[in-house]
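Colleague: The following file, structure_32.txt, comprises compact mmCIF, C-alpha atoms:
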```
# COMPACT_ATOMS: atom_id res chain seq x y z
CA MET C 22 -5.33 -29.71 -6.73
CA ALA C 23 -8.06 -31.60 -4.93
CA ALA C 24 -9.41 -30.11 -1.73
CA PRO C 25 -8.75 -31.88 1.55
CA PRO C 26 -11.75 -33.92 2.73
CA THR C 27 -13.04 -31.32 5.21
CA LEU C 28 -12.73 -28.33 2.87
CA PRO C 29 -14.88 -27.49 -0.17
CA GLY C 30 -13.73 -28.48 -3.65
CA GLU C 31 -12.50 -25.98 -6.22
CA ASP C 32 -15.83 -26.04 -8.12
CA GLU C 33 -17.70 -25.18 -4.94
CA LEU C 34 -15.22 -22.37 -4.21
CA ALA C 35 -15.65 -21.00 -7.74
CA GLY C 36 -19.43 -21.02 -7.25
CA LEU C 37 -19.12 -19.17 -3.95
CA LEU C 38 -16.76 -16.62 -5.53
CA GLN C 39 -19.20 -16.06 -8.40
CA ALA C 40 -22.11 -15.59 -5.97
CA LEU C 41 -20.05 -13.02 -4.03
CA ALA C 42 -19.08 -11.25 -7.27
CA VAL C 43 -22.72 -10.98 -8.37
CA ARG C 44 -23.71 -9.70 -4.92
CA TYR C 45 -20.99 -7.09 -4.46
CA TYR C 46 -20.07 -6.19 -8.05
CA PRO C 47 -23.29 -6.60 -10.07
CA GLY C 48 -22.72 -6.22 -13.79
CA ALA C 49 -18.95 -6.65 -13.49
CA ALA C 50 -17.45 -9.55 -15.43
CA ILE C 51 -15.34 -11.10 -12.68
CA ARG C 52 -14.47 -14.61 -13.82
CA PHE C 53 -11.63 -16.18 -11.88
CA ARG C 54 -10.64 -19.78 -11.37
CA VAL C 55 -10.17 -20.80 -7.71
CA GLU C 56 -7.45 -23.28 -6.75
CA TRP C 57 -6.14 -24.85 -3.55
CA SER C 58 -2.40 -24.61 -2.95
CA ARG C 59 -0.46 -26.85 -0.60
CA ARG C 60 2.67 -24.73 -1.10
CA MET C 61 1.35 -21.42 0.24
CA SER C 62 2.44 -20.88 3.82
CA ARG C 63 2.66 -17.10 4.27
CA SER C 64 -0.84 -15.96 3.28
CA ALA C 65 -4.44 -17.15 3.29
CA GLY C 66 -4.94 -16.42 -0.39
CA LEU C 67 -3.49 -14.74 -3.45
CA CYS C 68 -5.11 -13.15 -6.48
CA TYR C 69 -3.24 -13.51 -9.76
CA TYR C 70 -5.09 -10.80 -11.66
CA ARG C 71 -3.54 -11.30 -15.10
CA ARG C 72 -3.94 -15.08 -14.96
CA LYS C 73 -7.50 -14.76 -13.57
CA VAL C 74 -6.70 -17.18 -10.74
CA ILE C 75 -7.35 -16.98 -7.01
CA ARG C 76 -5.28 -19.40 -5.00
CA LEU C 77 -6.20 -20.37 -1.43
CA SER C 78 -3.79 -21.80 1.11
CA TRP C 79 -4.77 -25.33 2.04
CA ARG C 80 -2.57 -25.13 5.15
CA TYR C 81 -4.19 -21.91 6.39
CA HIS C 82 -7.77 -23.01 5.76
CA ALA C 83 -7.20 -26.45 7.29
CA VAL C 84 -6.50 -24.52 10.52
CA PHE C 85 -9.16 -21.81 9.94
CA PRO C 86 -11.90 -23.40 7.76
CA ALA C 87 -14.44 -20.75 8.79
CA GLU C 88 -12.26 -18.13 7.07
CA ILE C 89 -12.81 -19.40 3.51
CA GLU C 90 -15.56 -16.94 2.63
CA ASN C 91 -13.65 -14.09 4.29
CA THR C 92 -10.57 -14.91 2.20
CA LEU C 93 -12.64 -15.12 -0.99
CA ARG C 94 -14.16 -11.69 -0.25
CA HIS C 95 -10.67 -10.29 0.32
CA GLU C 96 -9.34 -11.75 -2.94
CA LEU C 97 -12.51 -10.66 -4.78
CA ILE C 98 -11.57 -7.05 -4.02
CA HIS C 99 -8.23 -7.64 -5.76
CA ALA C 100 -10.03 -9.42 -8.63
CA ALA C 101 -12.19 -6.30 -9.01
CA GLY C 102 -9.02 -4.35 -9.72
CA ILE C 103 -8.10 -2.84 -6.36
CA LEU C 104 -4.44 -3.64 -5.84
CA GLY C 105 -2.50 -3.37 -2.60
CA HIS C 106 -4.02 -2.80 0.84
CA GLY C 107 -4.25 1.00 0.92
CA PRO C 108 -7.17 3.21 2.03
CA ARG C 109 -9.29 2.31 -1.02
CA PHE C 110 -8.86 -1.40 -0.29
CA VAL C 111 -9.65 -0.93 3.42
CA ALA C 112 -12.87 0.96 2.56
CA GLU C 113 -13.89 -1.80 0.14
CA ALA C 114 -13.06 -4.49 2.72
CA ARG C 115 -15.41 -2.75 5.17
CA ARG C 116 -18.15 -2.67 2.52
CA LEU C 117 -17.74 -6.39 1.79
CA GLY C 118 -17.37 -7.25 5.49
CA CYS C 119 -13.98 -8.91 5.29
CA ASP C 120 -10.68 -8.59 7.10
CA VAL C 121 -7.67 -6.84 5.62
CA HIS C 122 -5.23 -9.27 7.24
CA ALA C 123 -5.37 -13.00 7.94
CA HIS C 124 -4.77 -14.77 11.23
CA PRO C 125 -1.11 -15.63 11.79
CA LEU C 126 -0.25 -19.28 11.33
CA PRO C 127 1.96 -20.98 13.87
CA GLY C 128 5.45 -21.07 12.39
CA ARG C 129 7.55 -24.11 11.86
CA PRO C 130 10.07 -24.63 14.66
CA TRP C 131 13.70 -23.67 14.26
CA ARG C 132 15.99 -26.63 13.74
CA TYR C 133 19.50 -25.26 14.05
CA VAL C 134 21.38 -22.49 15.84
CA TYR C 135 24.58 -21.18 14.31
CA ALA C 136 27.02 -18.64 15.75
CA CYS C 137 29.77 -16.47 14.35
CA PRO C 138 33.18 -17.47 15.75
CA ALA C 139 34.26 -13.81 15.92
CA CYS C 140 31.29 -11.89 17.35
CA ASP C 141 29.09 -14.76 18.61
CA GLN C 142 26.08 -13.41 16.63
CA GLN C 143 23.49 -16.22 16.63
CA VAL C 144 21.35 -17.25 13.67
CA ARG C 145 18.45 -19.71 13.80
CA THR C 146 17.56 -21.66 10.68
CA ARG C 147 15.26 -24.43 9.55
CA ARG C 148 17.89 -25.93 7.23
CA ARG C 149 21.57 -26.69 7.52
CA VAL C 150 23.46 -23.78 5.98
CA ASP C 151 26.94 -22.74 4.96
CA TYR C 152 26.90 -18.98 5.63
CA SER C 153 29.33 -16.47 6.97
CA CYS C 154 28.42 -13.71 9.42
CA GLY C 155 26.82 -10.72 7.72
CA LYS C 156 27.57 -8.53 10.72
CA CYS C 157 31.32 -9.13 10.46
CA SER C 158 31.58 -9.04 6.67
CA ARG C 159 29.10 -8.09 3.97
CA ARG C 160 30.58 -10.71 1.63
CA TRP C 161 31.35 -14.39 2.17
CA ASP C 162 34.42 -14.65 4.37
CA ALA C 163 35.68 -18.00 5.65
CA ARG C 164 37.01 -16.31 8.81
CA TYR C 165 33.40 -15.62 9.83
CA ARG C 166 31.88 -18.92 8.73
CA LEU C 167 28.95 -19.74 11.01
CA VAL C 168 29.48 -22.69 13.33
CA LEU C 169 26.65 -25.05 14.30
CA LYS C 170 25.99 -24.58 18.03
CA ALA C 171 22.75 -26.51 18.56
CA ASP C 172 20.51 -28.99 16.78
CA LEU C 173 17.00 -28.20 18.05
CA ARG C 174 15.08 -30.96 16.30
CA SER C 175 14.80 -32.98 19.51
CA ALA C 176 14.01 -29.85 21.58
CA GLY C 177 10.93 -28.93 19.50
CA GLY C 178 12.50 -25.75 18.14
CA GLU C 179 13.33 -24.32 21.57
CA LEU C 180 16.78 -23.48 22.84
CA PRO C 181 17.99 -25.95 25.47
```
Could you rewrite the structure in this file as structure tokens?
Modeller:
Amino acid sequence: MAAPPTLPGEDELAGLLQALAVRYYPGAAIRFRVEWSRRMSRSAGLCYYRRKVIRLSWRYHAVFPAEIENTLRHELIHAAGILGHGPRFVAEARRLGCDVHAHPLPGRPWRYVYACPACDQQVRTRRRVDYSCGKCSRRWDARYRLVLKADLRSAGGELP
């Protein structure tokens, strides 16, 4: 995927990743492709170790462009074979000077509020749904089918 105009291209990202790999893991053969993803919305980056791919969130880095190198350092640790975010990862993150966790992204606003007709349990969603209340019955039960109470699209995701 092509980079957005204000963010570096994938070739430039791959060059930066390689420079970081040489600096922090000299002699190690760390060769990963770097890609932008427009679908990622929950994390700044992901390392697919077996596929030798590091994917960066376009959405995250469009908001926090100064975090690109930090994210590459973070994913480089995973590319070097340190999985998870345990004590070994945290120590390596300190050595490389990167954060363990990314900044939170502002979430998309809620669109709908549903309520259970029996217990009045409320559920907020971003899509129209056909669910029954999980509090009243662990399985689908038409008696507890959630009823649409509010459409928040015009309220900007806030309850009226």
Colleague: Could you check which of C:Val134, C:Ala49, C:Leu167, C:Leu41 is closest to Cys119 (chain C), using all atoms listed in the file?
Modeller: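 Ranked by minimum distance to Cys119 (chain C), first place goes to C:Leu41.
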Colleague: I'd like the neighbourhood of Trp131 (chain C) as a list of chain:residue names, where a residue qualifies if any of its atoms comes within 7 Å (using only C-alpha atoms), though same-chain residues fewer than 5 positions away should be ignored.
Modeller: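 The residues satisfying every condition are C:Arg145, C:Thr146, C:Arg147, C:Leu173, C:Gly178.
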Colleague: Choose the residue, out of C:Arg60, C:Val74, C:Ser153, C:Gly48, that has the smallest atom-to-atom separation from Arg166 (chain C); count all atoms listed in the file.
Modeller: C:Ser153
Colleague: Any idea what the distance is between CA of Gly118 (chain C) and CA of Phe85 (chain C)?
Modeller: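 Computed distance, CA of Gly118 (chain C) to CA of Phe85 (chain C), equals 17.3 Å.
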Colleague: Of the candidates C:Ile51, C:Arg72, C:Ala112, C:Leu34, which shows the shortest atom-to-atom distance to Glu90 (chain C), using only C-alpha atoms?
Modeller: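 The shortest atom-to-atom distance to Glu90 (chain C) comes from C:Leu34.
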Colleague: I'd like to know which of C:Gly36, C:Pro125, C:Pro130, C:Gly107 is closest to Leu93 (chain C), using all atoms listed in the file.
Modeller: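 Answer, going by the shortest atom-to-atom distance: C:Gly36.
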Colleague: Enter the distance from CA of Tyr81 (chain C) to CA of Val111 (chain C), in Å, rounded to one decimal.
Modeller: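 So the answer is 21.9 Å.
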Colleague: One decimal, in Å: what's the spacing between CA of Leu37 (chain C) and CA of Asp120 (chain C)?
Modeller: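 Separation between CA of Leu37 (chain C) and CA of Asp120 (chain C): 17.5 Å.
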Colleague: C:Arg174, C:His106, C:Arg52, C:Arg63: which is nearest Pro127 (chain C), counting all atoms listed in the file?
Modeller: C:Arg63
Colleague: Neighbours of Ser158 (chain C) within 12 Å (only C-alpha atoms; same-chain residues fewer than 6 positions away dropped), as number ranges by chain?
Modeller: C: 137, 139-140, 152, 164-167
Colleague: Rank C:Gly105, C:Pro86, C:Pro47, C:Gly66 by their smallest atom-to-atom distance to Pro29 (chain C), using all atoms listed in the file, and report the top residue only.
Modeller: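 Once distances to Pro29 (chain C) are computed over all atoms listed in the file, the minimum belongs to C:Pro86.
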Colleague: What's around region 55-58 of chain C at 7 Å? Count all atoms listed in the file, leave out sequence neighbours fewer than 6 positions away in its own chain, and write the answer as a PDB file with C-alpha atoms, in the coordinates of the input.
Modeller:
```
ATOM      1  CA  MET C  22      -5.330 -29.710  -6.730  1.00  0.00           C
ATOM      2  CA  ALA C  24      -9.410 -30.110  -1.730  1.00  0.00           C
ATOM      3  CA  GLU C  31     -12.500 -25.980  -6.220  1.00  0.00           C
ATOM      4  CA  LEU C  34     -15.220 -22.370  -4.210  1.00  0.00           C
ATOM      5  CA  ALA C  35     -15.650 -21.000  -7.740  1.00  0.00           C
ATOM      6  CA  VAL C  74      -6.700 -17.180 -10.740  1.00  0.00           C
ATOM      7  CA  ILE C  75      -7.350 -16.980  -7.010  1.00  0.00           C
ATOM      8  CA  ARG C  76      -5.280 -19.400  -5.000  1.00  0.00           C
ATOM      9  CA  LEU C  77      -6.200 -20.370  -1.430  1.00  0.00           C
ATOM     10  CA  SER C  78      -3.790 -21.800   1.110  1.00  0.00           C
ATOM     11  CA  TRP C  79      -4.770 -25.330   2.040  1.00  0.00           C
TER      12      TRP C  79
END
```
Colleague: Reconstruct region 140-169 of chain C at the level of N, CA and C atoms, and format the result as a PDB file, in the coordinates of the input.
Modeller:
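The resulting file, result38.pdb, is shown below:
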```
ATOM      1  N   CYS C 140      32.127 -12.791  16.538  1.00  0.00           N
ATOM      2  CA  CYS C 140      31.290 -11.890  17.350  1.00  0.00           C
ATOM      3  C   CYS C 140      30.200 -12.627  18.135  1.00  0.00           C
ATOM      4  N   ASP C 141      30.074 -13.909  17.936  1.00  0.00           N
ATOM      5  CA  ASP C 141      29.090 -14.760  18.610  1.00  0.00           C
ATOM      6  C   ASP C 141      27.637 -14.410  18.250  1.00  0.00           C
ATOM      7  N   GLN C 142      27.434 -13.684  17.138  1.00  0.00           N
ATOM      8  CA  GLN C 142      26.080 -13.410  16.630  1.00  0.00           C
ATOM      9  C   GLN C 142      25.413 -14.756  16.339  1.00  0.00           C
ATOM     10  N   GLN C 143      24.185 -14.947  16.846  1.00  0.00           N
ATOM     11  CA  GLN C 143      23.490 -16.220  16.630  1.00  0.00           C
ATOM     12  C   GLN C 143      22.451 -16.097  15.533  1.00  0.00           C
ATOM     13  N   VAL C 144      22.310 -17.172  14.768  1.00  0.00           N
ATOM     14  CA  VAL C 144      21.350 -17.250  13.670  1.00  0.00           C
ATOM     15  C   VAL C 144      20.601 -18.567  13.800  1.00  0.00           C
ATOM     16  N   ARG C 145      19.269 -18.491  13.775  1.00  0.00           N
ATOM     17  CA  ARG C 145      18.450 -19.710  13.800  1.00  0.00           C
ATOM     18  C   ARG C 145      17.979 -20.001  12.382  1.00  0.00           C
ATOM     19  N   THR C 146      17.996 -21.265  12.020  1.00  0.00           N
ATOM     20  CA  THR C 146      17.560 -21.660  10.680  1.00  0.00           C
ATOM     21  C   THR C 146      16.700 -22.925  10.761  1.00  0.00           C
ATOM     22  N   ARG C 147      16.041 -23.200   9.659  1.00  0.00           N
ATOM     23  CA  ARG C 147      15.260 -24.430   9.550  1.00  0.00           C
ATOM     24  C   ARG C 147      16.005 -25.476   8.713  1.00  0.00           C
ATOM     25  N   ARG C 148      17.074 -25.034   8.054  1.00  0.00           N
ATOM     26  CA  ARG C 148      17.890 -25.930   7.230  1.00  0.00           C
ATOM     27  C   ARG C 148      19.350 -25.775   7.619  1.00  0.00           C
ATOM     28  N   ARG C 149      20.125 -26.807   7.328  1.00  0.00           N
ATOM     29  CA  ARG C 149      21.570 -26.690   7.520  1.00  0.00           C
ATOM     30  C   ARG C 149      22.089 -25.710   6.479  1.00  0.00           C
ATOM     31  N   VAL C 150      22.971 -24.825   6.878  1.00  0.00           N
ATOM     32  CA  VAL C 150      23.460 -23.780   5.980  1.00  0.00           C
ATOM     33  C   VAL C 150      24.978 -23.683   6.022  1.00  0.00           C
ATOM     34  N   ASP C 151      25.517 -23.035   5.012  1.00  0.00           N
ATOM     35  CA  ASP C 151      26.940 -22.740   4.960  1.00  0.00           C
ATOM     36  C   ASP C 151      27.068 -21.246   4.690  1.00  0.00           C
ATOM     37  N   TYR C 152      26.880 -20.439   5.731  1.00  0.00           N
ATOM     38  CA  TYR C 152      26.900 -18.980   5.630  1.00  0.00           C
ATOM     39  C   TYR C 152      28.067 -18.435   6.421  1.00  0.00           C
ATOM     40  N   SER C 153      28.395 -17.187   6.106  1.00  0.00           N
ATOM     41  CA  SER C 153      29.330 -16.470   6.970  1.00  0.00           C
ATOM     42  C   SER C 153      28.560 -15.304   7.593  1.00  0.00           C
ATOM     43  N   CYS C 154      29.103 -14.753   8.646  1.00  0.00           N
ATOM     44  CA  CYS C 154      28.420 -13.710   9.420  1.00  0.00           C
ATOM     45  C   CYS C 154      28.290 -12.421   8.608  1.00  0.00           C
ATOM     46  N   GLY C 155      27.069 -11.963   8.434  1.00  0.00           N
ATOM     47  CA  GLY C 155      26.820 -10.720   7.720  1.00  0.00           C
ATOM     48  C   GLY C 155      27.159  -9.493   8.541  1.00  0.00           C
ATOM     49  N   LYS C 156      27.216  -9.652   9.847  1.00  0.00           N
ATOM     50  CA  LYS C 156      27.570  -8.530  10.720  1.00  0.00           C
ATOM     51  C   LYS C 156      29.070  -8.235  10.638  1.00  0.00           C
ATOM     52  N   CYS C 157      29.865  -9.305  10.501  1.00  0.00           N
ATOM     53  CA  CYS C 157      31.320  -9.130  10.460  1.00  0.00           C
ATOM     54  C   CYS C 157      31.846  -8.838   9.062  1.00  0.00           C
ATOM     55  N   SER C 158      31.154  -9.284   8.053  1.00  0.00           N
ATOM     56  CA  SER C 158      31.580  -9.040   6.670  1.00  0.00           C
ATOM     57  C   SER C 158      30.366  -9.109   5.760  1.00  0.00           C
ATOM     58  N   ARG C 159      30.256  -8.125   4.870  1.00  0.00           N
ATOM     59  CA  ARG C 159      29.100  -8.090   3.970  1.00  0.00           C
ATOM     60  C   ARG C 159      29.193  -9.154   2.883  1.00  0.00           C
ATOM     61  N   ARG C 160      30.376  -9.667   2.633  1.00  0.00           N
ATOM     62  CA  ARG C 160      30.580 -10.710   1.630  1.00  0.00           C
ATOM     63  C   ARG C 160      31.004 -11.999   2.336  1.00  0.00           C
ATOM     64  N   TRP C 161      30.899 -13.113   1.606  1.00  0.00           N
ATOM     65  CA  TRP C 161      31.350 -14.390   2.170  1.00  0.00           C
ATOM     66  C   TRP C 161      32.801 -14.258   2.611  1.00  0.00           C
ATOM     67  N   ASP C 162      33.060 -14.683   3.836  1.00  0.00           N
ATOM     68  CA  ASP C 162      34.420 -14.650   4.370  1.00  0.00           C
ATOM     69  C   ASP C 162      34.574 -15.865   5.274  1.00  0.00           C
ATOM     70  N   ALA C 163      35.485 -16.753   4.908  1.00  0.00           N
ATOM     71  CA  ALA C 163      35.680 -18.000   5.650  1.00  0.00           C
ATOM     72  C   ALA C 163      36.048 -17.759   7.110  1.00  0.00           C
ATOM     73  N   ARG C 164      36.652 -16.607   7.412  1.00  0.00           N
ATOM     74  CA  ARG C 164      37.010 -16.310   8.810  1.00  0.00           C
ATOM     75  C   ARG C 164      35.766 -16.189   9.687  1.00  0.00           C
ATOM     76  N   TYR C 165      34.639 -15.838   9.068  1.00  0.00           N
ATOM     77  CA  TYR C 165      33.400 -15.620   9.830  1.00  0.00           C
ATOM     78  C   TYR C 165      32.342 -16.673   9.498  1.00  0.00           C
ATOM     79  N   ARG C 166      32.793 -17.831   9.066  1.00  0.00           N
ATOM     80  CA  ARG C 166      31.880 -18.920   8.730  1.00  0.00           C
ATOM     81  C   ARG C 166      31.108 -19.343   9.975  1.00  0.00           C
ATOM     82  N   LEU C 167      29.784 -19.385   9.867  1.00  0.00           N
ATOM     83  CA  LEU C 167      28.950 -19.740  11.010  1.00  0.00           C
ATOM     84  C   LEU C 167      29.192 -21.185  11.430  1.00  0.00           C
ATOM     85  N   VAL C 168      29.220 -21.378  12.746  1.00  0.00           N
ATOM     86  CA  VAL C 168      29.480 -22.690  13.330  1.00  0.00           C
ATOM     87  C   VAL C 168      28.191 -23.195  13.970  1.00  0.00           C
ATOM     88  N   LEU C 169      27.855 -24.453  13.708  1.00  0.00           N
ATOM     89  CA  LEU C 169      26.650 -25.050  14.300  1.00  0.00           C
ATOM     90  C   LEU C 169      26.836 -25.170  15.809  1.00  0.00           C
TER      91      LEU C 169
END
```
